[in-house]
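J.: Here it is: the structure, laid out below.
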Amino acid sequence: MTPAPNVLDTVFNFIDANKSKFIDNLTAAVAIPSVSSVPEHRPDVIKMIHWAADRLTALNATVEICDNGFQTLADNTKIQLPPIILASLGNDSNKPTICVYGHLDVQPASVSDGWHTDPFVLTLKDDKLYGRGSTDDKGPAISWLHVVEAYQKTNTELPINVKFCFEGMEESGSDGLDELIISRKDTFFKDVDYVCISDTYWLGTSKPCIGFGLRGMVCFTIEITCASKDLHSGSYGGSINEAMTDLIAMLDTLLDKDGKILVPGIYDDVEPLTDEEKSLYAKADFDKEAYRSEIGTSQLIHDKKEEVLMSRWRYPCLSIHGIEGAFGESGWKSIIPGKVIGKFSIRIVPNQTADKIGEIVVDYIKNKWKLRGSANIMKVEAGDGACPWKSDPNHEHYNAAKRATVLAYGVEPDYNREGGSIPVTLTFENVLGKNVLLLPMGRCDDGAHSQNEKLDVSNYIQGTKLMAAYFYEAGQLPKTTS
């Protein structure tokens with residue numbers, strides 16, 4: 001392992017010595033059920049925002065809790081949107097300024113979903129920290145604060161200025177965040193030189209990574225109505241075209257058995273594969289069999305490692321997520337739903353655009369509906385889209401993160417793209433005109449959004465050291481603002 005500079009040795013030692021304290025902090029954060037998609041939990045999301053703001057204030061950061069207005073729900077009621085934290089620490093004109101983004105809201109979770117423990121009670125078992133938000137994204141987000149504390153408590157000069165941007169609606173569309181970034185472009189964000197986000201994961205379970213790409217996303221709904229109310233299948237079955245039958249037929253036109261999207265033109269704008277990109281897949285430390293086993297499936301669609309990785313990162317995919325209006329509980333309810341809504345999404349890639357994909361998919365479904373000839377009423381809509389993002393892994397900012405990884409882990413990182421979407425990544429890049437870097441803390445098997453989400457203790461502590469080393473190496477980068 002490359003020896004760490006003396007200043008980092010001191011900071012690393014502090015992080016090791018305070019492992020229990022940092023776990024306690026994560027315990028307190030996980031205990032706040034900040035589920036942004038559930039209106040009843042909106043006060044908890046707001047509580048979580050203030051929890052983080054108090055800790056930033058304790059670190060002598062200048063903290064602004066930005067009002068974010070209200071959200072109108074489907075029933076036209078209005079509830080408060082969580083405020084957004086903008087905080088800054090340091091204003092040395094000779095140091096580069098790093099903007100750190102994180103989110104403090106989480107996905108829904110309950111024991112009835114299949115959790116082995118209470119998802120909002122952080123549980124340590126086999127050196128793993130189980131709890132909703134442990135890896136997505138409370139663990140990484142509060143670790144940035146631990147890094148600042150480590151520098152301060154060891155009387156080590158922070159080598160950069162830091163801007164914090166923490167929100168509470170990432171899992172529900174990041175309402176208001178883009179508008180805030182745009183409105184503060186020439187004030188709060190004016191002196192930002194680089195942006196770093198820790199909200200992704202390693203490619204595997206043993207080797208750290210740096211992320212340079214994300215897929216975008218377009219969500220779709222197909223609504224089919226056959227009656228003004230639900231009907232008894234014994235009394236009405238066989239006398240009408242059933243909405244559920246039509247919906248399943250429509251969904252069945254989207255994919256073949258091997259995951260190929262059947263919409264004509266869907267692949268036309270996909271970025272060509274280069275030799276340089278091919279080499280990244282070949283070098284990636286990825287165990288295809290371990291990946292298959294972790295999923296719990298008998299077989300993957302693709303046979304080669306490179307094909308699996310490309311299917312996850314550089315090609316679009318379509319997933320069917322659910323049917324609203326159908327009876328989904330255990331037991332029987334022999335009704336014919338009067339109206340059903342099918343939900344699916346397409347993850348899009350460079351150089352696809354959300355608008356174009358939305359248009360061609362909607363047109364395709366309308367044409368398929370005409371061919372079906374059903375008497376029912378069909379509506380198809382494309383929702384708001386998130387565009388894909390890709391950066392240059394050879395950028396000096398990425399080289400700094402590479403050096404930091406060697407200091408913290410003793411190995412050079414893999415470079416990976418992510419199949420998921422973080423829309424604010426592209427907003428930061430486009431609005432601020434600055435390089436954006438993804439610096440993962442967790443492993444690929446952490447189960448973000450799933451049951452029994454966890455963060456390995458080793459990743460939590462070594463990942464905090466990585467962030468500390470990243471601050472050190474970023475401090476050597478040139479300023480990009482005057």
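Chain identifiers are assigned as A, B, and so on, following the order in which chains appear in the structure tokens; residues are numbered from 1 within each chain, and ligands are numbered from 1 in order of appearance.
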Using only C-alpha atoms, which residues sit within 10 Å of Val270 in chain A once same-chain residues fewer than 4 positions away are excluded, as number ranges by chain?
T.: A: 266, 314-316, 348-353
J.: As a PyMOL selection string, please: all residues of range 396-438 of chain A that backbone DSSP puts in strand (DSSP E or B).
T.: chain A and resi 414-418+435-438
J.: Calculated over only C-alpha atoms, which of the candidates A:Asp105, A:Asp285, A:Asp392, A:Glu306 has the smallest distance to Met48 in chain A?
T.: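 The shortest atom-to-atom distance to Met48 in chain A comes from A:Asp105.
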J.: Which residue, A:Ile32, A:Leu81, A:Ile341, A:Met244, has the smallest gap to Ile323 in chain A when you use only C-alpha atoms?
T.: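 Looking at the shortest contact to Ile323 in chain A, the residue is A:Ile341.
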J.: With distances taken over only C-alpha atoms, which of A:Gly358, A:Pro43, A:Pro119, A:Pro83 is nearest to Asn452 in chain A?
T.: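 Answer, going by the shortest atom-to-atom distance: A:Pro119.
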J.: Could you name the residues that touch Gln299 in chain A at 12 Å or less, counting only C-alpha atoms, but leaving out those on the same chain fewer than 6 positions away, as a PDB file with N, CA and C atoms, in the first residue's frame?
T.:
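The resulting file, around29.pdb, is shown below:
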```
ATOM      1  N   ASP A 258     -35.456 -12.704 -24.210  1.00  0.00           N
ATOM      2  CA  ASP A 258     -34.050 -12.428 -23.882  1.00  0.00           C
ATOM      3  C   ASP A 258     -33.803 -10.968 -23.530  1.00  0.00           C
ATOM      4  N   LYS A 288     -19.030 -13.036 -12.538  1.00  0.00           N
ATOM      5  CA  LYS A 288     -20.377 -13.228 -13.092  1.00  0.00           C
ATOM      6  C   LYS A 288     -21.182 -14.239 -12.281  1.00  0.00           C
ATOM      7  N   GLU A 289     -20.534 -15.296 -11.817  1.00  0.00           N
ATOM      8  CA  GLU A 289     -21.237 -16.328 -11.062  1.00  0.00           C
ATOM      9  C   GLU A 289     -21.664 -15.814  -9.684  1.00  0.00           C
ATOM     10  N   ALA A 290     -20.802 -15.024  -9.056  1.00  0.00           N
ATOM     11  CA  ALA A 290     -21.164 -14.441  -7.758  1.00  0.00           C
ATOM     12  C   ALA A 290     -22.339 -13.469  -7.920  1.00  0.00           C
ATOM     13  N   TYR A 291     -22.319 -12.734  -9.014  1.00  0.00           N
ATOM     14  CA  TYR A 291     -23.422 -11.819  -9.312  1.00  0.00           C
ATOM     15  C   TYR A 291     -24.728 -12.592  -9.470  1.00  0.00           C
ATOM     16  N   ARG A 292     -24.681 -13.689 -10.229  1.00  0.00           N
ATOM     17  CA  ARG A 292     -25.873 -14.523 -10.428  1.00  0.00           C
ATOM     18  C   ARG A 292     -26.370 -15.086  -9.110  1.00  0.00           C
ATOM     19  N   SER A 293     -25.438 -15.569  -8.291  1.00  0.00           N
ATOM     20  CA  SER A 293     -25.803 -16.176  -7.013  1.00  0.00           C
ATOM     21  C   SER A 293     -26.414 -15.157  -6.069  1.00  0.00           C
ATOM     22  N   VAL A 308     -22.529  -9.110 -19.811  1.00  0.00           N
ATOM     23  CA  VAL A 308     -23.345  -8.806 -18.636  1.00  0.00           C
ATOM     24  C   VAL A 308     -23.168  -7.353 -18.232  1.00  0.00           C
TER      25      VAL A 308
END
```
J.: Can you list, as a list in words, every protein, DNA or RNA residue that comes within 7 Å of range 461-464 of chain A when you count only C-alpha atoms, leaving out same-chain residues fewer than 4 positions away?
T.: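 After dropping sequence-adjacent residues, the list is Lys19, Ser143, Val147, Ala408, Met441, Val457 and Ala468 of chain A.
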J.: Can you list every residue in range 302-354 of chain A that DSSP puts in alpha helix (DSSP H), as a VMD selection string?
T.: chain A and resid 305 to 313 354
J.: Would you mind exporting the chosen residues as a PDB file, in the first residue's frame, restricted to all heavy atoms?
T.:
```pdb
ATOM      1  N   LYS A 305     -18.726 -12.162 -19.254  1.00  0.00           N
ATOM      2  CA  LYS A 305     -18.640 -11.058 -18.292  1.00  0.00           C
ATOM      3  C   LYS A 305     -18.877  -9.717 -18.968  1.00  0.00           C
ATOM      4  O   LYS A 305     -19.659  -8.887 -18.479  1.00  0.00           O
ATOM      5  CB  LYS A 305     -17.254 -11.063 -17.631  1.00  0.00           C
ATOM      6  CG  LYS A 305     -16.995  -9.884 -16.713  1.00  0.00           C
ATOM      7  CD  LYS A 305     -15.582  -9.875 -16.159  1.00  0.00           C
ATOM      8  CE  LYS A 305     -14.587  -9.318 -17.155  1.00  0.00           C
ATOM      9  NZ  LYS A 305     -13.246  -9.086 -16.546  1.00  0.00           N
ATOM     10  N   GLU A 306     -18.215  -9.487 -20.083  1.00  0.00           N
ATOM     11  CA  GLU A 306     -18.330  -8.209 -20.761  1.00  0.00           C
ATOM     12  C   GLU A 306     -19.774  -7.949 -21.212  1.00  0.00           C
ATOM     13  O   GLU A 306     -20.258  -6.814 -21.153  1.00  0.00           O
ATOM     14  CB  GLU A 306     -17.389  -8.170 -21.983  1.00  0.00           C
ATOM     15  CG  GLU A 306     -15.915  -8.143 -21.632  1.00  0.00           C
ATOM     16  CD  GLU A 306     -15.332  -9.528 -21.351  1.00  0.00           C
ATOM     17  OE1 GLU A 306     -16.109 -10.520 -21.370  1.00  0.00           O
ATOM     18  OE2 GLU A 306     -14.122  -9.620 -21.124  1.00  0.00           O
ATOM     19  N   GLU A 307     -20.459  -8.984 -21.655  1.00  0.00           N
ATOM     20  CA  GLU A 307     -21.843  -8.826 -22.109  1.00  0.00           C
ATOM     21  C   GLU A 307     -22.771  -8.482 -20.953  1.00  0.00           C
ATOM     22  O   GLU A 307     -23.692  -7.672 -21.105  1.00  0.00           O
ATOM     23  CB  GLU A 307     -22.312 -10.108 -22.804  1.00  0.00           C
ATOM     24  CG  GLU A 307     -21.617 -10.387 -24.133  1.00  0.00           C
ATOM     25  CD  GLU A 307     -22.015 -11.738 -24.703  1.00  0.00           C
ATOM     26  OE1 GLU A 307     -22.471 -12.600 -23.918  1.00  0.00           O
ATOM     27  OE2 GLU A 307     -21.865 -11.934 -25.930  1.00  0.00           O
ATOM     28  N   VAL A 308     -22.529  -9.110 -19.811  1.00  0.00           N
ATOM     29  CA  VAL A 308     -23.345  -8.806 -18.636  1.00  0.00           C
ATOM     30  C   VAL A 308     -23.168  -7.353 -18.232  1.00  0.00           C
ATOM     31  O   VAL A 308     -24.138  -6.628 -17.970  1.00  0.00           O
ATOM     32  CB  VAL A 308     -22.989  -9.739 -17.464  1.00  0.00           C
ATOM     33  CG1 VAL A 308     -23.744  -9.323 -16.197  1.00  0.00           C
ATOM     34  CG2 VAL A 308     -23.314 -11.185 -17.806  1.00  0.00           C
ATOM     35  N   LEU A 309     -21.912  -6.894 -18.187  1.00  0.00           N
ATOM     36  CA  LEU A 309     -21.646  -5.523 -17.774  1.00  0.00           C
ATOM     37  C   LEU A 309     -22.226  -4.525 -18.770  1.00  0.00           C
ATOM     38  O   LEU A 309     -22.819  -3.503 -18.374  1.00  0.00           O
ATOM     39  CB  LEU A 309     -20.143  -5.304 -17.616  1.00  0.00           C
ATOM     40  CG  LEU A 309     -19.473  -6.074 -16.472  1.00  0.00           C
ATOM     41  CD1 LEU A 309     -17.975  -5.837 -16.476  1.00  0.00           C
ATOM     42  CD2 LEU A 309     -20.075  -5.673 -15.133  1.00  0.00           C
ATOM     43  N   MET A 310     -22.085  -4.801 -20.056  1.00  0.00           N
ATOM     44  CA  MET A 310     -22.630  -3.872 -21.049  1.00  0.00           C
ATOM     45  C   MET A 310     -24.151  -3.826 -20.991  1.00  0.00           C
ATOM     46  O   MET A 310     -24.751  -2.769 -21.193  1.00  0.00           O
ATOM     47  CB  MET A 310     -22.139  -4.257 -22.446  1.00  0.00           C
ATOM     48  CG  MET A 310     -20.688  -3.878 -22.696  1.00  0.00           C
ATOM     49  SD  MET A 310     -20.171  -4.018 -24.434  1.00  0.00           S
ATOM     50  CE  MET A 310     -19.920  -5.784 -24.555  1.00  0.00           C
ATOM     51  N   SER A 311     -24.786  -4.961 -20.698  1.00  0.00           N
ATOM     52  CA  SER A 311     -26.247  -4.964 -20.596  1.00  0.00           C
ATOM     53  C   SER A 311     -26.717  -4.147 -19.408  1.00  0.00           C
ATOM     54  O   SER A 311     -27.831  -3.619 -19.411  1.00  0.00           O
ATOM     55  CB  SER A 311     -26.765  -6.404 -20.478  1.00  0.00           C
ATOM     56  OG  SER A 311     -26.486  -6.958 -19.197  1.00  0.00           O
ATOM     57  N   ARG A 312     -25.891  -4.002 -18.393  1.00  0.00           N
ATOM     58  CA  ARG A 312     -26.243  -3.237 -17.195  1.00  0.00           C
ATOM     59  C   ARG A 312     -25.937  -1.750 -17.343  1.00  0.00           C
ATOM     60  O   ARG A 312     -26.571  -0.925 -16.673  1.00  0.00           O
ATOM     61  CB  ARG A 312     -25.472  -3.768 -15.983  1.00  0.00           C
ATOM     62  CG  ARG A 312     -25.827  -5.167 -15.555  1.00  0.00           C
ATOM     63  CD  ARG A 312     -24.880  -5.663 -14.478  1.00  0.00           C
ATOM     64  NE  ARG A 312     -24.902  -4.803 -13.296  1.00  0.00           N
ATOM     65  CZ  ARG A 312     -24.008  -4.882 -12.306  1.00  0.00           C
ATOM     66  NH1 ARG A 312     -23.019  -5.758 -12.375  1.00  0.00           N
ATOM     67  NH2 ARG A 312     -24.096  -4.078 -11.277  1.00  0.00           N
ATOM     68  N   TRP A 313     -24.970  -1.405 -18.158  1.00  0.00           N
ATOM     69  CA  TRP A 313     -24.450  -0.046 -18.171  1.00  0.00           C
ATOM     70  C   TRP A 313     -24.688   0.721 -19.459  1.00  0.00           C
ATOM     71  O   TRP A 313     -25.076   1.872 -19.430  1.00  0.00           O
ATOM     72  CB  TRP A 313     -22.937  -0.058 -17.923  1.00  0.00           C
ATOM     73  CG  TRP A 313     -22.492  -0.594 -16.613  1.00  0.00           C
ATOM     74  CD1 TRP A 313     -23.264  -0.859 -15.517  1.00  0.00           C
ATOM     75  CD2 TRP A 313     -21.151  -0.945 -16.257  1.00  0.00           C
ATOM     76  NE1 TRP A 313     -22.483  -1.350 -14.497  1.00  0.00           N
ATOM     77  CE2 TRP A 313     -21.185  -1.418 -14.916  1.00  0.00           C
ATOM     78  CE3 TRP A 313     -19.932  -0.906 -16.919  1.00  0.00           C
ATOM     79  CZ2 TRP A 313     -20.037  -1.840 -14.248  1.00  0.00           C
ATOM     80  CZ3 TRP A 313     -18.788  -1.326 -16.261  1.00  0.00           C
ATOM     81  CH2 TRP A 313     -18.850  -1.790 -14.930  1.00  0.00           C
ATOM     82  N   ALA A 354     -34.626  11.467 -23.350  1.00  0.00           N
ATOM     83  CA  ALA A 354     -35.892  11.057 -22.741  1.00  0.00           C
ATOM     84  C   ALA A 354     -37.075  11.438 -23.627  1.00  0.00           C
ATOM     85  O   ALA A 354     -38.027  10.656 -23.776  1.00  0.00           O
ATOM     86  CB  ALA A 354     -36.023  11.698 -21.356  1.00  0.00           C
TER      87      ALA A 354
END
```
J.: Excluding Thr123 in chain A and any residue of its chain fewer than 2 positions from it, enumerate the residues within 12 Å of it, using only C-alpha atoms, and give them as JSON, numbers by chain.
T.: {"A": [23, 24, 26, 27, 28, 30, 31, 115, 116, 117, 118, 119, 120, 121, 125, 126, 127, 128, 129, 130, 131, 132, 134, 452, 453, 454, 455, 456, 457]}
J.: Could you check the closest approach to Ala58 in chain A for each of A:Gln152, A:Gln107, A:Thr77, A:Ser36 and tell me which residue wins, using only C-alpha atoms?
T.: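 Using only C-alpha atoms, the shortest distance to Ala58 in chain A belongs to A:Gln152.
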J.: Sort by chain and increasing residue number a table of all residues of range 379-478 of chain A within 9 Å of range 187-202 of chain A, each with its closest pair of atoms and their distance in Å to one decimal, counting only C-alpha atoms, and write it as CSV.
T.:
```
residue,atom,partner,partner_atom,distance
A:His397,CA,A:Tyr194,CA,7.6
A:Asp414,CA,A:Trp202,CA,8.6
A:Asn416,CA,A:Trp202,CA,8.2
A:Glu418,CA,A:Thr200,CA,7.5
A:Gly420,CA,A:Thr200,CA,8.6
A:Ile422,CA,A:Asp199,CA,8.4
A:Thr425,CA,A:Ile197,CA,8.0
A:Phe428,CA,A:Val195,CA,7.5
A:Glu429,CA,A:Val195,CA,8.3
A:Leu432,CA,A:Phe189,CA,7.4
A:Lys434,CA,A:Tyr194,CA,5.6
A:Asn435,CA,A:Tyr194,CA,5.4
A:Val436,CA,A:Val195,CA,4.7
A:Leu437,CA,A:Cys196,CA,4.9
A:Leu438,CA,A:Ile197,CA,5.0
A:Leu439,CA,A:Ser198,CA,4.9
A:Pro440,CA,A:Tyr201,CA,4.8
A:Met441,CA,A:Tyr201,CA,6.3
A:Gly442,CA,A:Tyr201,CA,4.9
A:Arg443,CA,A:Trp202,CA,4.7
A:Cys444,CA,A:Trp202,CA,5.3
A:Asp445,CA,A:Tyr201,CA,8.7
A:Asp446,CA,A:Tyr201,CA,8.2
A:Ala474,CA,A:Tyr194,CA,8.7
A:Pro478,CA,A:Asp193,CA,8.5
```
J.: Write to file, as a PDB file, in the first residue's frame, the residues of the selection just made, with N, CA and C atoms.
T.:
```
ATOM      1  N   HIS A 397      -9.612  15.177 -12.170  1.00  0.00           N
ATOM      2  CA  HIS A 397     -10.415  14.949 -10.975  1.00  0.00           C
ATOM      3  C   HIS A 397     -10.504  13.455 -10.667  1.00  0.00           C
ATOM      4  N   ASP A 414     -11.379   0.016  -9.979  1.00  0.00           N
ATOM      5  CA  ASP A 414     -12.009  -0.191 -11.275  1.00  0.00           C
ATOM      6  C   ASP A 414     -12.796   1.062 -11.624  1.00  0.00           C
ATOM      7  N   ASN A 416     -16.314   2.146 -13.348  1.00  0.00           N
ATOM      8  CA  ASN A 416     -17.574   1.528 -13.748  1.00  0.00           C
ATOM      9  C   ASN A 416     -18.632   2.569 -14.063  1.00  0.00           C
ATOM     10  N   GLU A 418     -22.948   2.978 -13.967  1.00  0.00           N
ATOM     11  CA  GLU A 418     -24.052   2.464 -13.158  1.00  0.00           C
ATOM     12  C   GLU A 418     -25.305   2.337 -14.012  1.00  0.00           C
ATOM     13  N   GLY A 420     -28.300   2.573 -12.746  1.00  0.00           N
ATOM     14  CA  GLY A 420     -29.321   3.429 -12.166  1.00  0.00           C
ATOM     15  C   GLY A 420     -29.195   4.871 -12.622  1.00  0.00           C
ATOM     16  N   ILE A 422     -29.184   9.092 -11.340  1.00  0.00           N
ATOM     17  CA  ILE A 422     -29.117  10.167 -10.357  1.00  0.00           C
ATOM     18  C   ILE A 422     -29.217  11.466 -11.160  1.00  0.00           C
ATOM     19  N   THR A 425     -26.876  14.618 -11.108  1.00  0.00           N
ATOM     20  CA  THR A 425     -25.513  14.544 -11.645  1.00  0.00           C
ATOM     21  C   THR A 425     -25.398  15.379 -12.908  1.00  0.00           C
ATOM     22  N   PHE A 428     -25.800  19.206 -12.165  1.00  0.00           N
ATOM     23  CA  PHE A 428     -24.560  19.833 -11.704  1.00  0.00           C
ATOM     24  C   PHE A 428     -23.614  20.088 -12.874  1.00  0.00           C
ATOM     25  N   GLU A 429     -23.476  19.091 -13.742  1.00  0.00           N
ATOM     26  CA  GLU A 429     -22.533  19.229 -14.849  1.00  0.00           C
ATOM     27  C   GLU A 429     -22.976  20.314 -15.830  1.00  0.00           C
ATOM     28  N   LEU A 432     -23.487  24.002 -13.670  1.00  0.00           N
ATOM     29  CA  LEU A 432     -22.255  24.572 -13.118  1.00  0.00           C
ATOM     30  C   LEU A 432     -21.091  24.487 -14.096  1.00  0.00           C
ATOM     31  N   LYS A 434     -19.037  21.982 -14.326  1.00  0.00           N
ATOM     32  CA  LYS A 434     -17.913  21.403 -13.592  1.00  0.00           C
ATOM     33  C   LYS A 434     -17.904  19.882 -13.705  1.00  0.00           C
ATOM     34  N   ASN A 435     -16.713  19.305 -13.532  1.00  0.00           N
ATOM     35  CA  ASN A 435     -16.590  17.855 -13.597  1.00  0.00           C
ATOM     36  C   ASN A 435     -17.244  17.210 -12.380  1.00  0.00           C
ATOM     37  N   VAL A 436     -17.987  16.140 -12.626  1.00  0.00           N
ATOM     38  CA  VAL A 436     -18.695  15.409 -11.572  1.00  0.00           C
ATOM     39  C   VAL A 436     -18.122  14.008 -11.464  1.00  0.00           C
ATOM     40  N   LEU A 437     -17.944  13.544 -10.230  1.00  0.00           N
ATOM     41  CA  LEU A 437     -17.323  12.254  -9.947  1.00  0.00           C
ATOM     42  C   LEU A 437     -18.224  11.448  -9.020  1.00  0.00           C
ATOM     43  N   LEU A 438     -18.345  10.147  -9.290  1.00  0.00           N
ATOM     44  CA  LEU A 438     -19.074   9.242  -8.399  1.00  0.00           C
ATOM     45  C   LEU A 438     -18.064   8.431  -7.596  1.00  0.00           C
ATOM     46  N   LEU A 439     -18.129   8.551  -6.265  1.00  0.00           N
ATOM     47  CA  LEU A 439     -17.170   7.888  -5.378  1.00  0.00           C
ATOM     48  C   LEU A 439     -17.931   6.933  -4.451  1.00  0.00           C
ATOM     49  N   PRO A 440     -18.096   5.674  -4.843  1.00  0.00           N
ATOM     50  CA  PRO A 440     -18.928   4.749  -4.062  1.00  0.00           C
ATOM     51  C   PRO A 440     -18.309   4.387  -2.718  1.00  0.00           C
ATOM     52  N   MET A 441     -19.188   4.125  -1.739  1.00  0.00           N
ATOM     53  CA  MET A 441     -18.773   3.593  -0.443  1.00  0.00           C
ATOM     54  C   MET A 441     -19.157   2.127  -0.309  1.00  0.00           C
ATOM     55  N   GLY A 442     -20.365   1.766  -0.716  1.00  0.00           N
ATOM     56  CA  GLY A 442     -20.895   0.431  -0.472  1.00  0.00           C
ATOM     57  C   GLY A 442     -20.532  -0.580  -1.546  1.00  0.00           C
ATOM     58  N   ARG A 443     -20.914  -1.830  -1.267  1.00  0.00           N
ATOM     59  CA  ARG A 443     -20.652  -2.939  -2.176  1.00  0.00           C
ATOM     60  C   ARG A 443     -21.871  -3.231  -3.045  1.00  0.00           C
ATOM     61  N   CYS A 444     -21.657  -4.056  -4.074  1.00  0.00           N
ATOM     62  CA  CYS A 444     -22.735  -4.369  -5.006  1.00  0.00           C
ATOM     63  C   CYS A 444     -23.855  -5.169  -4.352  1.00  0.00           C
ATOM     64  N   ASP A 445     -23.559  -5.857  -3.245  1.00  0.00           N
ATOM     65  CA  ASP A 445     -24.567  -6.714  -2.602  1.00  0.00           C
ATOM     66  C   ASP A 445     -25.242  -6.029  -1.415  1.00  0.00           C
ATOM     67  N   ASP A 446     -25.189  -4.695  -1.349  1.00  0.00           N
ATOM     68  CA  ASP A 446     -25.746  -3.992  -0.196  1.00  0.00           C
ATOM     69  C   ASP A 446     -27.277  -4.003  -0.163  1.00  0.00           C
ATOM     70  N   ALA A 474      -7.854  16.064  -3.698  1.00  0.00           N
ATOM     71  CA  ALA A 474      -8.567  17.147  -4.384  1.00  0.00           C
ATOM     72  C   ALA A 474      -7.930  18.493  -4.079  1.00  0.00           C
ATOM     73  N   PRO A 478      -6.033  21.936  -9.524  1.00  0.00           N
ATOM     74  CA  PRO A 478      -6.092  23.380  -9.825  1.00  0.00           C
ATOM     75  C   PRO A 478      -7.516  23.909  -9.656  1.00  0.00           C
TER      76      PRO A 478
END
```
J.: Contacts of Arg55 in chain A at 10 Å or less, counting only C-alpha atoms, minus same-chain residues fewer than 4 places along, as an mmCIF file with all heavy atoms, in the first residue's frame?
T.:
```cif
data_model
loop_
_atom_site.group_PDB
_atom_site.id
_atom_site.type_symbol
_atom_site.label_atom_id
_atom_site.label_comp_id
_atom_site.auth_asym_id
_atom_site.auth_seq_id
_atom_site.Cartn_x
_atom_site.Cartn_y
_atom_site.Cartn_z
ATOM 1 N N HIS A 50 -33.162 18.491 9.433
ATOM 2 C CA HIS A 50 -32.701 19.318 10.554
ATOM 3 C C HIS A 50 -31.651 18.596 11.386
ATOM 4 O O HIS A 50 -30.739 19.239 11.933
ATOM 5 C CB HIS A 50 -33.900 19.742 11.406
ATOM 6 C CG HIS A 50 -34.735 20.811 10.769
ATOM 7 N ND1 HIS A 50 -34.421 22.137 10.840
ATOM 8 C CD2 HIS A 50 -35.877 20.737 10.023
ATOM 9 C CE1 HIS A 50 -35.311 22.853 10.184
ATOM 10 N NE2 HIS A 50 -36.216 22.031 9.670
ATOM 11 N N TRP A 51 -31.765 17.268 11.484
ATOM 12 C CA TRP A 51 -30.741 16.473 12.193
ATOM 13 C C TRP A 51 -29.372 16.690 11.556
ATOM 14 O O TRP A 51 -28.379 16.925 12.243
ATOM 15 C CB TRP A 51 -31.141 15.001 12.134
ATOM 16 C CG TRP A 51 -30.240 14.032 12.857
ATOM 17 C CD1 TRP A 51 -30.384 13.574 14.129
ATOM 18 C CD2 TRP A 51 -29.078 13.376 12.328
ATOM 19 N NE1 TRP A 51 -29.384 12.678 14.437
ATOM 20 C CE2 TRP A 51 -28.564 12.537 13.352
ATOM 21 C CE3 TRP A 51 -28.413 13.412 11.107
ATOM 22 C CZ2 TRP A 51 -27.438 11.751 13.176
ATOM 23 C CZ3 TRP A 51 -27.274 12.632 10.929
ATOM 24 C CH2 TRP A 51 -26.797 11.815 11.956
ATOM 25 N N LEU A 59 -20.047 21.614 13.242
ATOM 26 C CA LEU A 59 -18.733 21.580 12.596
ATOM 27 C C LEU A 59 -18.301 22.970 12.129
ATOM 28 O O LEU A 59 -17.326 23.113 11.404
ATOM 29 C CB LEU A 59 -18.766 20.624 11.403
ATOM 30 C CG LEU A 59 -18.987 19.143 11.721
ATOM 31 C CD1 LEU A 59 -19.234 18.351 10.437
ATOM 32 C CD2 LEU A 59 -17.802 18.561 12.488
ATOM 33 N N ASN A 60 -19.055 23.988 12.572
ATOM 34 C CA ASN A 60 -18.768 25.387 12.236
ATOM 35 C C ASN A 60 -19.028 25.714 10.768
ATOM 36 O O ASN A 60 -18.482 26.701 10.234
ATOM 37 C CB ASN A 60 -17.326 25.761 12.606
ATOM 38 C CG ASN A 60 -17.066 25.641 14.090
ATOM 39 O OD1 ASN A 60 -17.882 26.064 14.907
ATOM 40 N ND2 ASN A 60 -15.939 25.022 14.442
ATOM 41 N N ALA A 61 -19.861 24.896 10.112
ATOM 42 C CA ALA A 61 -20.259 25.217 8.747
ATOM 43 C C ALA A 61 -21.315 26.316 8.762
ATOM 44 O O ALA A 61 -22.076 26.452 9.724
ATOM 45 C CB ALA A 61 -20.808 23.975 8.053
ATOM 46 N N VAL A 63 -24.690 27.246 7.520
ATOM 47 C CA VAL A 63 -25.782 26.386 7.066
ATOM 48 C C VAL A 63 -27.014 27.210 6.716
ATOM 49 O O VAL A 63 -27.441 28.067 7.487
ATOM 50 C CB VAL A 63 -26.149 25.346 8.153
ATOM 51 C CG1 VAL A 63 -27.290 24.445 7.670
ATOM 52 C CG2 VAL A 63 -24.924 24.513 8.548
ATOM 53 N N ILE A 142 -23.494 11.018 5.819
ATOM 54 C CA ILE A 142 -22.976 11.502 7.102
ATOM 55 C C ILE A 142 -21.484 11.244 7.240
ATOM 56 O O ILE A 142 -20.817 11.878 8.074
ATOM 57 C CB ILE A 142 -23.746 10.917 8.302
ATOM 58 C CG1 ILE A 142 -23.504 9.417 8.457
ATOM 59 C CG2 ILE A 142 -25.226 11.210 8.184
ATOM 60 C CD1 ILE A 142 -24.120 8.848 9.735
ATOM 61 N N LEU A 145 -19.435 14.254 6.895
ATOM 62 C CA LEU A 145 -19.333 15.038 8.126
ATOM 63 C C LEU A 145 -18.276 14.451 9.046
ATOM 64 O O LEU A 145 -17.553 15.177 9.740
ATOM 65 C CB LEU A 145 -20.686 15.083 8.834
ATOM 66 C CG LEU A 145 -21.904 15.463 7.988
ATOM 67 C CD1 LEU A 145 -23.126 15.689 8.880
ATOM 68 C CD2 LEU A 145 -21.621 16.704 7.153
ATOM 69 N N HIS A 146 -18.181 13.121 9.066
ATOM 70 C CA HIS A 146 -17.152 12.475 9.889
ATOM 71 C C HIS A 146 -15.748 12.839 9.409
ATOM 72 O O HIS A 146 -14.822 12.977 10.212
ATOM 73 C CB HIS A 146 -17.335 10.953 9.856
ATOM 74 C CG HIS A 146 -18.622 10.490 10.453
ATOM 75 N ND1 HIS A 146 -19.211 9.289 10.122
ATOM 76 C CD2 HIS A 146 -19.451 11.071 11.366
ATOM 77 C CE1 HIS A 146 -20.340 9.153 10.808
ATOM 78 N NE2 HIS A 146 -20.500 10.216 11.569
#
```
